[in-house]
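Heads up, the thing below is written out as structure tokens.
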Amino acid sequence: MNHKVADLKLADAGRLRIDWAESRMPVLMALRERAKREQPLKGMRIAGCLHVTKETAVLVRTLVAAGAEISWSGCNPLSTNDEVAAALAAEGLSMYAWHGLSVDEFYWCIERTLDFKPTLTLDDGADLIFQVHAKHPELAKSVIGGTEETTTGVQRLRAMAADGKLLYPVYAVNDSETKWDFDNVYGTGQSSLDGVLRATSVLLAGKTVVVGGYGHCGRGVAERARGMGANIVATEIRATQALKAVLEGHRVMKMDEAAKLGDVFITATGMKDILVGRHFDVMKDGAVICNTGHYDCEINIGDLEARTRSKREIRPNNEEYTLKDGRRIYLLAKGRLINLAAAEGHPSEVMDMSFANQFLALCALAKDGKKLEKKVYALPPEQDQELAQLKLGTMGMAIDALTAEQQKYLSDYSAGT
Ligand code: ADE
């Protein structure tokens, strides 16, 4: 058997979800049509470790249409959509993913995808590529290259490359403008609030929402929460980002102060220990805490447990911790990424461009990966313009182009006032 999923009987429901996503991912679907003819991934064996969602299913089907064989696992214990995983397994695809797996099972799934001896790897968070490097370096010899979807993963891979430890080239898909400037901002913004609302149904208007980290993701969350009437407090370690938050109309302060004010806390830093014991000690009764960063290390749950008298699941993805002094803190989705654990991740429309970049990165590796060094590469910026142009076209919008005269003006350094 080439799969392990929760329940194959969910396949019909999964197919409906995938149909919905396909109807909202026109750029990737156009690339699929071309790839059916050109077969750019023919002969490639792709091991993927990326959230199993309806959008990922559209990517997976596109990889297969382009001639690849795939073997897939989810990249987070709580992010797999079981219906989608069942639909892909029922199509005969090699799929090892179910919602709620343990950490041991998580690595077992990755191992199964490596049994298939990939020629390309695709990561979101770099767990697969780390497993190759740490446990199966011999497999790296037949890997042409890899791709990485997310900020956290790219940071770690760059550190590995700087230490000369990277065994094959990797494309940093995250670093493409049509990825980070859309997916990280609008995708994370909307889907994180979607997760908070599904897990709590709180009214955001009038609430103080504390956003930990004002990077692209934090900014997206802050903007969307403000749009629903919340007052935003941002915490930061980078002065420039903090200043941006201030000029965008938010308050900025240290988490030690923000902890006393927040009604809802959303961490989006990629760093551990953003919310720790001393913050829980001063939070209001009823505070809601959650994380939208890749790993579940941003909220120190051990510290929370140590202060807890009792806890209960008050509704799905929402645990009420009653502290020894009687205050209640509500932890969402066990501190795992709220947007995928409690909602459906970024909407299809935005994943359209992220996954178009993923697809083109894998095609580039299949074509020319053997010529690359063992480094982390960015995708060509022209690709961003092409993808954005395509996306605008599918939305029925057109943009202007410079005339020949205007082009000349651009480089005319003799022109004055
Ligand atoms: N990461 C964030 N949202 C996602 C989605 N919908 N599918 C796959 N990966 C994601």
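Ligands are numbered from 1 in the order shown, residues from 1 within each chain, and chains are lettered A, B, ... in the order they appear in the structure tokens.
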
Problem set entry | Within-6 Å residues of ligand 1, basis only C-alpha atoms and all ligand atoms, as a PyMOL selection string | chain A and resi 51+53+55-56+344-347

Could you save those same residues with all heavy atoms as a PDB file, in the first residue's frame?
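As a result, part33.pdb now contains:
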```pdb
ATOM      1  N   HIS A  51       1.815  21.068   3.974  1.00  0.00           N
ATOM      2  CA  HIS A  51       0.433  20.948   4.469  1.00  0.00           C
ATOM      3  C   HIS A  51      -0.488  20.315   3.418  1.00  0.00           C
ATOM      4  O   HIS A  51      -0.581  20.831   2.290  1.00  0.00           O
ATOM      5  CB  HIS A  51      -0.137  22.330   4.797  1.00  0.00           C
ATOM      6  CG  HIS A  51       0.739  23.132   5.711  1.00  0.00           C
ATOM      7  ND1 HIS A  51       0.967  22.788   7.014  1.00  0.00           N
ATOM      8  CD2 HIS A  51       1.449  24.275   5.497  1.00  0.00           C
ATOM      9  CE1 HIS A  51       1.775  23.685   7.570  1.00  0.00           C
ATOM     10  NE2 HIS A  51       2.089  24.587   6.670  1.00  0.00           N
ATOM     11  N   THR A  53      -3.598  20.274   1.998  1.00  0.00           N
ATOM     12  CA  THR A  53      -4.822  21.086   1.911  1.00  0.00           C
ATOM     13  C   THR A  53      -5.378  20.952   0.495  1.00  0.00           C
ATOM     14  O   THR A  53      -4.718  20.392  -0.388  1.00  0.00           O
ATOM     15  CB  THR A  53      -4.500  22.579   2.133  1.00  0.00           C
ATOM     16  OG1 THR A  53      -3.634  22.994   1.052  1.00  0.00           O
ATOM     17  CG2 THR A  53      -3.781  22.818   3.459  1.00  0.00           C
ATOM     18  N   GLU A  55      -5.515  23.263  -1.620  1.00  0.00           N
ATOM     19  CA  GLU A  55      -4.614  23.998  -2.531  1.00  0.00           C
ATOM     20  C   GLU A  55      -3.399  23.131  -2.869  1.00  0.00           C
ATOM     21  O   GLU A  55      -2.946  23.098  -4.026  1.00  0.00           O
ATOM     22  CB  GLU A  55      -4.176  25.319  -1.899  1.00  0.00           C
ATOM     23  CG  GLU A  55      -5.281  26.352  -1.746  1.00  0.00           C
ATOM     24  CD  GLU A  55      -6.244  26.060  -0.603  1.00  0.00           C
ATOM     25  OE1 GLU A  55      -5.868  25.335   0.351  1.00  0.00           O
ATOM     26  OE2 GLU A  55      -7.391  26.552  -0.653  1.00  0.00           O
ATOM     27  N   THR A  56      -2.885  22.453  -1.862  1.00  0.00           N
ATOM     28  CA  THR A  56      -1.747  21.560  -2.111  1.00  0.00           C
ATOM     29  C   THR A  56      -2.146  20.469  -3.098  1.00  0.00           C
ATOM     30  O   THR A  56      -1.352  20.056  -3.950  1.00  0.00           O
ATOM     31  CB  THR A  56      -1.244  20.955  -0.782  1.00  0.00           C
ATOM     32  OG1 THR A  56      -0.829  22.039   0.052  1.00  0.00           O
ATOM     33  CG2 THR A  56      -0.090  20.003  -0.991  1.00  0.00           C
ATOM     34  N   GLU A 344      -8.609  26.722   7.268  1.00  0.00           N
ATOM     35  CA  GLU A 344      -8.188  25.945   6.086  1.00  0.00           C
ATOM     36  C   GLU A 344      -6.901  26.460   5.464  1.00  0.00           C
ATOM     37  O   GLU A 344      -6.630  26.200   4.300  1.00  0.00           O
ATOM     38  CB  GLU A 344      -9.304  25.993   5.038  1.00  0.00           C
ATOM     39  CG  GLU A 344     -10.547  25.274   5.472  1.00  0.00           C
ATOM     40  CD  GLU A 344     -11.678  25.429   4.474  1.00  0.00           C
ATOM     41  OE1 GLU A 344     -11.490  25.153   3.279  1.00  0.00           O
ATOM     42  OE2 GLU A 344     -12.757  25.860   4.910  1.00  0.00           O
ATOM     43  N   GLY A 345      -6.136  27.248   6.224  1.00  0.00           N
ATOM     44  CA  GLY A 345      -4.913  27.810   5.658  1.00  0.00           C
ATOM     45  C   GLY A 345      -5.242  28.972   4.741  1.00  0.00           C
ATOM     46  O   GLY A 345      -6.379  29.442   4.659  1.00  0.00           O
ATOM     47  N   HIS A 346      -4.233  29.429   4.020  1.00  0.00           N
ATOM     48  CA  HIS A 346      -4.440  30.587   3.149  1.00  0.00           C
ATOM     49  C   HIS A 346      -5.460  30.237   2.060  1.00  0.00           C
ATOM     50  O   HIS A 346      -5.476  29.116   1.551  1.00  0.00           O
ATOM     51  CB  HIS A 346      -3.151  30.972   2.437  1.00  0.00           C
ATOM     52  CG  HIS A 346      -2.006  31.273   3.351  1.00  0.00           C
ATOM     53  ND1 HIS A 346      -2.123  31.347   4.716  1.00  0.00           N
ATOM     54  CD2 HIS A 346      -0.718  31.530   3.074  1.00  0.00           C
ATOM     55  CE1 HIS A 346      -0.955  31.640   5.243  1.00  0.00           C
ATOM     56  NE2 HIS A 346      -0.076  31.750   4.270  1.00  0.00           N
ATOM     57  N   PRO A 347      -6.243  31.210   1.660  1.00  0.00           N
ATOM     58  CA  PRO A 347      -7.225  30.962   0.602  1.00  0.00           C
ATOM     59  C   PRO A 347      -6.563  30.576  -0.723  1.00  0.00           C
ATOM     60  O   PRO A 347      -5.419  30.931  -1.001  1.00  0.00           O
ATOM     61  CB  PRO A 347      -7.947  32.306   0.473  1.00  0.00           C
ATOM     62  CG  PRO A 347      -7.698  33.003   1.766  1.00  0.00           C
ATOM     63  CD  PRO A 347      -6.348  32.565   2.223  1.00  0.00           C
TER      64      PRO A 347
END
```

For this session: Quick one: everything within 9 Å of Ala225 in chain A, counting only C-alpha atoms, minus sequence neighbours fewer than 4 positions away in the same chain. Send it as a list in words.
Result: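 My list of contacting residues is Gly189, Gln190, Leu193, Leu204, Ala205, Val209, Gly220, Val221, Gly229, Ala230, Asn231 and Ile232 of chain A.
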
Determine which residues of range 114-159 of chain A receive a DSSP assignment of helix (DSSP H, G or I), computed from the backbone, and state them as an mmCIF file with N, CA, C and O atoms, in the first residue's frame.
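Final file, out-v9.cif:
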```cif
data_model
loop_
_atom_site.group_PDB
_atom_site.id
_atom_site.type_symbol
_atom_site.label_atom_id
_atom_site.label_comp_id
_atom_site.auth_asym_id
_atom_site.auth_seq_id
_atom_site.Cartn_x
_atom_site.Cartn_y
_atom_site.Cartn_z
ATOM 1 N N LEU A 114 10.644 9.081 1.785
ATOM 2 C CA LEU A 114 12.048 8.938 1.379
ATOM 3 C C LEU A 114 12.343 7.535 0.867
ATOM 4 O O LEU A 114 13.304 7.328 0.112
ATOM 5 N N ASP A 115 11.502 6.557 1.269
ATOM 6 C CA ASP A 115 11.663 5.186 0.757
ATOM 7 C C ASP A 115 11.692 5.212 -0.770
ATOM 8 O O ASP A 115 12.252 4.346 -1.419
ATOM 9 N N ASP A 127 11.621 20.240 7.235
ATOM 10 C CA ASP A 127 11.769 18.983 7.987
ATOM 11 C C ASP A 127 12.226 17.821 7.101
ATOM 12 O O ASP A 127 12.994 16.966 7.540
ATOM 13 N N LEU A 128 11.737 17.789 5.874
ATOM 14 C CA LEU A 128 12.114 16.696 4.970
ATOM 15 C C LEU A 128 13.592 16.783 4.604
ATOM 16 O O LEU A 128 14.341 15.792 4.686
ATOM 17 N N ILE A 129 14.010 17.954 4.222
ATOM 18 C CA ILE A 129 15.408 18.130 3.801
ATOM 19 C C ILE A 129 16.348 17.881 4.997
ATOM 20 O O ILE A 129 17.416 17.280 4.854
ATOM 21 N N PHE A 130 15.938 18.284 6.200
ATOM 22 C CA PHE A 130 16.765 18.006 7.385
ATOM 23 C C PHE A 130 16.854 16.500 7.636
ATOM 24 O O PHE A 130 17.887 15.983 8.048
ATOM 25 N N GLN A 131 15.752 15.816 7.387
ATOM 26 C CA GLN A 131 15.744 14.360 7.602
ATOM 27 C C GLN A 131 16.713 13.691 6.621
ATOM 28 O O GLN A 131 17.442 12.780 6.993
ATOM 29 N N VAL A 132 16.723 14.188 5.368
ATOM 30 C CA VAL A 132 17.677 13.646 4.394
ATOM 31 C C VAL A 132 19.099 13.884 4.912
ATOM 32 O O VAL A 132 19.928 12.961 4.954
ATOM 33 N N HIS A 133 19.371 15.116 5.330
ATOM 34 C CA HIS A 133 20.738 15.462 5.745
ATOM 35 C C HIS A 133 21.159 14.722 7.014
ATOM 36 O O HIS A 133 22.290 14.255 7.120
ATOM 37 N N ALA A 134 20.222 14.638 7.977
ATOM 38 C CA ALA A 134 20.609 14.052 9.276
ATOM 39 C C ALA A 134 20.607 12.532 9.254
ATOM 40 O O ALA A 134 21.470 11.893 9.859
ATOM 41 N N LYS A 135 19.625 11.951 8.553
ATOM 42 C CA LYS A 135 19.448 10.503 8.661
ATOM 43 C C LYS A 135 19.824 9.731 7.391
ATOM 44 O O LYS A 135 20.128 8.549 7.450
ATOM 45 N N PRO A 137 22.011 10.866 4.426
ATOM 46 C CA PRO A 137 22.827 11.701 3.517
ATOM 47 C C PRO A 137 23.138 10.987 2.206
ATOM 48 O O PRO A 137 23.345 11.643 1.182
ATOM 49 N N GLU A 138 23.124 9.648 2.224
ATOM 50 C CA GLU A 138 23.417 8.905 0.987
ATOM 51 C C GLU A 138 22.351 9.188 -0.086
ATOM 52 O O GLU A 138 22.656 9.158 -1.282
ATOM 53 N N LEU A 139 21.113 9.518 0.361
ATOM 54 C CA LEU A 139 20.044 9.797 -0.610
ATOM 55 C C LEU A 139 20.309 11.104 -1.364
ATOM 56 O O LEU A 139 19.852 11.291 -2.491
ATOM 57 N N ALA A 140 21.038 12.015 -0.710
ATOM 58 C CA ALA A 140 21.265 13.340 -1.309
ATOM 59 C C ALA A 140 21.976 13.238 -2.657
ATOM 60 O O ALA A 140 21.805 14.102 -3.515
ATOM 61 N N LYS A 141 22.754 12.161 -2.840
ATOM 62 C CA LYS A 141 23.511 12.023 -4.104
ATOM 63 C C LYS A 141 22.588 11.981 -5.313
ATOM 64 O O LYS A 141 22.930 12.462 -6.391
ATOM 65 N N SER A 142 21.398 11.394 -5.131
ATOM 66 C CA SER A 142 20.504 11.316 -6.292
ATOM 67 C C SER A 142 19.449 12.423 -6.291
ATOM 68 O O SER A 142 18.548 12.419 -7.133
ATOM 69 N N THR A 151 9.380 31.152 5.312
ATOM 70 C CA THR A 151 10.436 32.000 5.871
ATOM 71 C C THR A 151 11.346 31.222 6.825
ATOM 72 O O THR A 151 12.575 31.255 6.690
ATOM 73 N N THR A 152 10.733 30.528 7.773
ATOM 74 C CA THR A 152 11.501 29.795 8.787
ATOM 75 C C THR A 152 12.427 28.774 8.139
ATOM 76 O O THR A 152 13.605 28.660 8.488
ATOM 77 N N GLY A 153 11.890 28.027 7.175
ATOM 78 C CA GLY A 153 12.689 27.002 6.513
ATOM 79 C C GLY A 153 13.857 27.611 5.754
ATOM 80 O O GLY A 153 14.993 27.115 5.818
ATOM 81 N N VAL A 154 13.587 28.718 5.051
ATOM 82 C CA VAL A 154 14.647 29.361 4.260
ATOM 83 C C VAL A 154 15.768 29.848 5.178
ATOM 84 O O VAL A 154 16.960 29.657 4.898
ATOM 85 N N GLN A 155 15.391 30.446 6.312
ATOM 86 C CA GLN A 155 16.418 30.943 7.262
ATOM 87 C C GLN A 155 17.339 29.802 7.683
ATOM 88 O O GLN A 155 18.563 29.932 7.704
ATOM 89 N N ARG A 156 16.759 28.668 8.007
ATOM 90 C CA ARG A 156 17.574 27.547 8.493
ATOM 91 C C ARG A 156 18.443 26.963 7.379
ATOM 92 O O ARG A 156 19.584 26.565 7.611
ATOM 93 N N LEU A 157 17.886 26.931 6.177
ATOM 94 C CA LEU A 157 18.673 26.383 5.056
ATOM 95 C C LEU A 157 19.831 27.311 4.707
ATOM 96 O O LEU A 157 20.924 26.847 4.367
ATOM 97 N N ARG A 158 19.593 28.617 4.812
ATOM 98 C CA ARG A 158 20.697 29.556 4.565
ATOM 99 C C ARG A 158 21.797 29.343 5.605
ATOM 100 O O ARG A 158 22.992 29.399 5.281
ATOM 101 N N ALA A 159 21.415 29.109 6.850
ATOM 102 C CA ALA A 159 22.413 28.866 7.905
ATOM 103 C C ALA A 159 23.206 27.600 7.571
ATOM 104 O O ALA A 159 24.438 27.557 7.710
#
```

For this session: For Ala239 in chain A, work out the shell of residues within 12 Å, counting only C-alpha atoms and skipping chain neighbours fewer than 5 positions away, then give it as a PyMOL selection string.
Result: chain A and resi 213-215+234+244-246+252-254

Take the selection from the previous step and output its residues with all heavy atoms, as a tab-separated table (two decimals), in the first residue's frame.
```
chain	number	residue	atom	x	y	z
A	213	GLY	N	5.44	40.27	16.56
A	213	GLY	CA	6.23	40.26	15.32
A	213	GLY	C	5.51	41.02	14.23
A	213	GLY	O	4.38	40.67	13.86
A	214	TYR	N	6.17	42.07	13.69
A	214	TYR	CA	5.56	42.86	12.63
A	214	TYR	C	6.32	42.65	11.32
A	214	TYR	O	6.72	43.58	10.64
A	214	TYR	CB	5.51	44.34	13.04
A	214	TYR	CG	4.44	45.12	12.32
A	214	TYR	CD1	3.10	44.98	12.65
A	214	TYR	CD2	4.77	46.00	11.30
A	214	TYR	CE1	2.11	45.70	11.99
A	214	TYR	CE2	3.79	46.73	10.63
A	214	TYR	CZ	2.46	46.57	10.98
A	214	TYR	OH	1.48	47.27	10.33
A	215	GLY	N	6.55	41.38	11.00
A	215	GLY	CA	7.07	41.05	9.67
A	215	GLY	C	5.90	41.01	8.71
A	215	GLY	O	4.83	41.55	8.99
A	234	ALA	N	1.55	46.04	18.52
A	234	ALA	CA	2.56	45.18	17.89
A	234	ALA	C	3.79	45.13	18.79
A	234	ALA	O	4.16	46.12	19.43
A	234	ALA	CB	2.93	45.73	16.52
A	244	LYS	N	7.58	51.02	11.34
A	244	LYS	CA	6.53	50.83	10.32
A	244	LYS	C	5.18	50.63	10.99
A	244	LYS	O	4.18	51.21	10.60
A	244	LYS	CB	6.84	49.57	9.48
A	244	LYS	CG	7.46	49.88	8.16
A	244	LYS	CD	7.57	48.62	7.34
A	244	LYS	CE	8.89	48.65	6.60
A	244	LYS	NZ	9.27	47.38	6.02
A	245	ALA	N	5.19	49.78	12.01
A	245	ALA	CA	3.93	49.51	12.71
A	245	ALA	C	3.35	50.80	13.28
A	245	ALA	O	2.15	51.06	13.17
A	245	ALA	CB	4.15	48.48	13.82
A	246	VAL	N	4.22	51.64	13.86
A	246	VAL	CA	3.76	52.90	14.45
A	246	VAL	C	3.17	53.80	13.37
A	246	VAL	O	2.08	54.35	13.51
A	246	VAL	CB	4.93	53.63	15.16
A	246	VAL	CG1	4.49	55.02	15.61
A	246	VAL	CG2	5.41	52.82	16.35
A	252	VAL	N	3.11	50.30	19.65
A	252	VAL	CA	4.22	49.37	19.77
A	252	VAL	C	4.72	49.41	21.21
A	252	VAL	O	4.85	50.49	21.79
A	252	VAL	CB	5.37	49.75	18.81
A	252	VAL	CG1	6.65	48.98	19.13
A	252	VAL	CG2	4.95	49.48	17.36
A	253	MET	N	4.94	48.26	21.77
A	253	MET	CA	5.51	48.21	23.14
A	253	MET	C	6.15	46.84	23.35
A	253	MET	O	6.05	45.96	22.50
A	253	MET	CB	4.42	48.47	24.18
A	253	MET	CG	3.30	47.47	24.19
A	253	MET	SD	1.94	47.94	25.29
A	253	MET	CE	1.08	49.16	24.34
A	254	LYS	N	6.83	46.70	24.49
A	254	LYS	CA	7.42	45.40	24.81
A	254	LYS	C	6.31	44.43	25.20
A	254	LYS	O	5.28	44.85	25.73
A	254	LYS	CB	8.39	45.56	25.98
A	254	LYS	CG	9.59	46.41	25.63
A	254	LYS	CD	10.62	46.36	26.73
A	254	LYS	CE	11.84	47.15	26.25
A	254	LYS	NZ	13.01	46.96	27.07
```

Exercise. Looking at A:Leu203, A:Leu243, A:Val210, A:Ala401, which one is nearest to Met228 in chain A, with distances taken over only C-alpha atoms?
Worked result: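 Closest to Met228 in chain A of all the choices is A:Leu203.
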
Exercise. Rounded to one decimal in Å, what is the spacing between CA of Gly48 in chain A and CA of Ser73 in chain A?
Worked result: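 Value for the CA of Gly48 in chain A-CA of Ser73 in chain A distance: 6.3 Å.
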
Exercise. If we count only C-alpha atoms, what is near range 271-279 of chain A at a cut-off of 7 Å, once residues fewer than 2 positions away on the same chain are taken out, given as a count of residues only?
Worked result: 12

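For the choices A:Ala341, A:Leu332, A:Val64, A:Ala388, the atom-to-atom distance to Asn357 in chain A is smallest for A:Ala388 when using only C-alpha atoms.
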
For this session: Could you tell me, as a list in words, which residues of range 19-74 of chain A DSSP assigns to strand (DSSP E) when given the backbone?
Result: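 Those in range 19-74 of chain A that DSSP calls strand (DSSP E) are Arg45, Ile46, Ala47, Gly48, Cys49, Glu69, Ile70, Ser71, Trp72 and Ser73 of chain A.
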
For this session: Write out as a list of chain:residue names the residues lying within 10 Å of Gly369 in chain A, counting only C-alpha atoms and excluding same-chain residues fewer than 3 positions away.
Result: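 Contacts, in chain order: A:Leu120, A:Val143, A:Ile144, A:Gly145, A:Gly146, A:Tyr168, A:Pro169, A:Val170, A:Tyr171, A:Ala361, A:Leu362, A:Cys363, A:Ala364, A:Leu365, A:Ala366, A:Leu372, A:Glu373, A:Lys374.
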
Problem set entry | Separation of CA of Lys311 in chain A from CA of Val211 in chain A in Å | 24.8 Å

For this session: Might you pull out every residue within 10 Å of range 391-393 of chain A, with only C-alpha atoms counted and same-chain residues fewer than 5 positions away left off, and present them as JSON, numbers by chain?
Result: {"A": [25, 26, 27, 28, 349, 350, 352, 353, 385, 386, 398, 399]}

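Distance check against Met44 in chain A using only C-alpha atoms: of A:Arg15, A:Met29, A:Asp7, A:Thr121, the minimum falls on A:Thr121.
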
Which residues come within 12 Å of Ala85 in chain A, counting only C-alpha atoms, excluding same-chain residues fewer than 3 positions away, as a short mmCIF file (atom, residue, chain, number, x, y, z; two decimals) with N, CA and C atoms, in the first residue's frame?
```cif
data_model
loop_
_atom_site.label_atom_id
_atom_site.label_comp_id
_atom_site.auth_asym_id
_atom_site.auth_seq_id
_atom_site.Cartn_x
_atom_site.Cartn_y
_atom_site.Cartn_z
N HIS A 3 -0.09 4.36 0.76
CA HIS A 3 -0.64 5.51 1.50
C HIS A 3 -1.03 5.12 2.92
N LYS A 4 -1.10 6.13 3.75
CA LYS A 4 -1.73 5.98 5.07
C LYS A 4 -2.44 7.30 5.34
N VAL A 5 -3.77 7.22 5.31
CA VAL A 5 -4.58 8.42 5.55
C VAL A 5 -5.66 8.05 6.57
N ALA A 6 -6.43 9.03 7.02
CA ALA A 6 -7.39 8.76 8.10
C ALA A 6 -8.48 7.81 7.64
N ASP A 7 -9.07 8.08 6.47
CA ASP A 7 -10.22 7.29 6.05
C ASP A 7 -10.50 7.53 4.56
N LEU A 8 -10.29 6.49 3.77
CA LEU A 8 -10.47 6.65 2.31
C LEU A 8 -11.91 7.01 1.94
N LYS A 9 -12.84 6.71 2.84
CA LYS A 9 -14.25 7.01 2.53
C LYS A 9 -14.51 8.53 2.46
N LEU A 10 -13.53 9.31 2.91
CA LEU A 10 -13.69 10.77 2.85
C LEU A 10 -13.35 11.33 1.46
N ALA A 11 -12.95 10.43 0.55
CA ALA A 11 -12.41 10.90 -0.74
C ALA A 11 -13.41 11.76 -1.53
N ASP A 12 -14.68 11.39 -1.52
CA ASP A 12 -15.66 12.16 -2.32
C ASP A 12 -15.72 13.61 -1.83
N ALA A 13 -15.76 13.76 -0.52
CA ALA A 13 -15.81 15.13 0.05
C ALA A 13 -14.52 15.87 -0.29
N GLY A 14 -13.41 15.16 -0.28
CA GLY A 14 -12.13 15.79 -0.62
C GLY A 14 -12.10 16.26 -2.06
N ARG A 15 -12.67 15.45 -2.95
CA ARG A 15 -12.67 15.84 -4.37
C ARG A 15 -13.45 17.13 -4.57
N ARG A 17 -13.77 19.56 -2.44
CA ARG A 17 -12.92 20.66 -1.96
C ARG A 17 -11.85 21.01 -3.01
N ILE A 18 -11.28 19.97 -3.61
CA ILE A 18 -10.23 20.22 -4.60
C ILE A 18 -10.83 20.91 -5.83
N LEU A 50 4.51 19.09 2.86
CA LEU A 50 3.84 20.38 2.85
C LEU A 50 2.37 20.14 3.22
N HIS A 51 1.82 21.07 3.97
CA HIS A 51 0.43 20.95 4.47
C HIS A 51 -0.49 20.32 3.42
N VAL A 52 -1.18 19.27 3.80
CA VAL A 52 -2.09 18.62 2.84
C VAL A 52 -3.45 19.34 2.90
N THR A 53 -3.60 20.27 2.00
CA THR A 53 -4.82 21.09 1.91
C THR A 53 -5.38 20.95 0.49
N LYS A 54 -6.53 21.56 0.28
CA LYS A 54 -7.12 21.51 -1.06
C LYS A 54 -6.21 22.22 -2.07
N GLU A 55 -5.52 23.26 -1.62
CA GLU A 55 -4.61 24.00 -2.53
C GLU A 55 -3.40 23.13 -2.87
N THR A 56 -2.89 22.45 -1.86
CA THR A 56 -1.75 21.56 -2.11
C THR A 56 -2.15 20.47 -3.10
N ALA A 57 -3.38 20.01 -2.99
CA ALA A 57 -3.86 18.98 -3.92
C ALA A 57 -3.78 19.49 -5.36
N VAL A 58 -4.08 20.77 -5.56
CA VAL A 58 -4.02 21.32 -6.91
C VAL A 58 -2.56 21.32 -7.39
N VAL A 60 -0.21 19.20 -6.30
CA VAL A 60 0.17 17.80 -6.49
C VAL A 60 -0.33 17.28 -7.84
N SER A 71 5.52 11.48 -3.78
CA SER A 71 5.22 10.83 -2.52
C SER A 71 5.18 11.94 -1.48
N TRP A 72 4.11 11.98 -0.67
CA TRP A 72 3.82 13.21 0.09
C TRP A 72 3.54 12.95 1.56
N SER A 73 3.98 13.88 2.38
CA SER A 73 3.54 13.88 3.79
C SER A 73 3.15 15.31 4.16
N GLY A 74 2.39 15.47 5.23
CA GLY A 74 2.05 16.81 5.72
C GLY A 74 3.26 17.38 6.45
N SER A 79 -2.22 20.08 10.47
CA SER A 79 -2.66 20.85 9.30
C SER A 79 -3.27 20.02 8.17
N THR A 80 -3.22 18.69 8.29
CA THR A 80 -3.75 17.88 7.18
C THR A 80 -5.27 17.93 7.15
N ASN A 81 -5.81 18.14 5.96
CA ASN A 81 -7.25 18.00 5.76
C ASN A 81 -7.49 16.55 5.34
N ASP A 82 -8.15 15.78 6.20
CA ASP A 82 -8.28 14.34 5.96
C ASP A 82 -9.06 14.03 4.68
N LEU A 88 -6.65 12.29 -2.61
CA LEU A 88 -5.39 12.09 -3.35
C LEU A 88 -4.96 10.62 -3.27
N ALA A 89 -5.12 10.02 -2.11
CA ALA A 89 -4.76 8.60 -1.98
C ALA A 89 -5.65 7.75 -2.90
N ALA A 90 -6.93 8.11 -2.96
CA ALA A 90 -7.87 7.36 -3.81
C ALA A 90 -7.52 7.51 -5.29
N GLU A 91 -6.81 8.57 -5.64
CA GLU A 91 -6.36 8.73 -7.04
C GLU A 91 -5.12 7.89 -7.30
N GLY A 92 -4.67 7.14 -6.29
CA GLY A 92 -3.52 6.26 -6.47
C GLY A 92 -2.21 6.93 -6.08
N LEU A 93 -2.29 8.16 -5.55
CA LEU A 93 -1.06 8.87 -5.21
C LEU A 93 -0.54 8.43 -3.84
N SER A 94 0.76 8.53 -3.71
CA SER A 94 1.41 8.08 -2.48
C SER A 94 1.29 9.19 -1.43
N MET A 95 0.51 8.93 -0.40
CA MET A 95 0.12 9.99 0.53
C MET A 95 0.21 9.46 1.96
N TYR A 96 1.01 10.11 2.78
CA TYR A 96 1.15 9.70 4.18
C TYR A 96 0.82 10.90 5.04
N ALA A 97 -0.42 11.05 5.40
CA ALA A 97 -0.81 12.25 6.14
C ALA A 97 -2.19 12.06 6.76
N TRP A 98 -2.30 12.40 8.02
CA TRP A 98 -3.62 12.48 8.65
C TRP A 98 -3.57 13.53 9.75
N HIS A 99 -4.75 14.07 10.04
CA HIS A 99 -4.84 15.15 11.03
C HIS A 99 -4.63 14.58 12.43
#
```

Exercise. Suppose you want the space between CA of Glu22 in chain A and CA of Ala66 in chain A; what is it in Å?
Worked result: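 According to the coordinates, CA of Glu22 in chain A and CA of Ala66 in chain A are separated by 16.1 Å.
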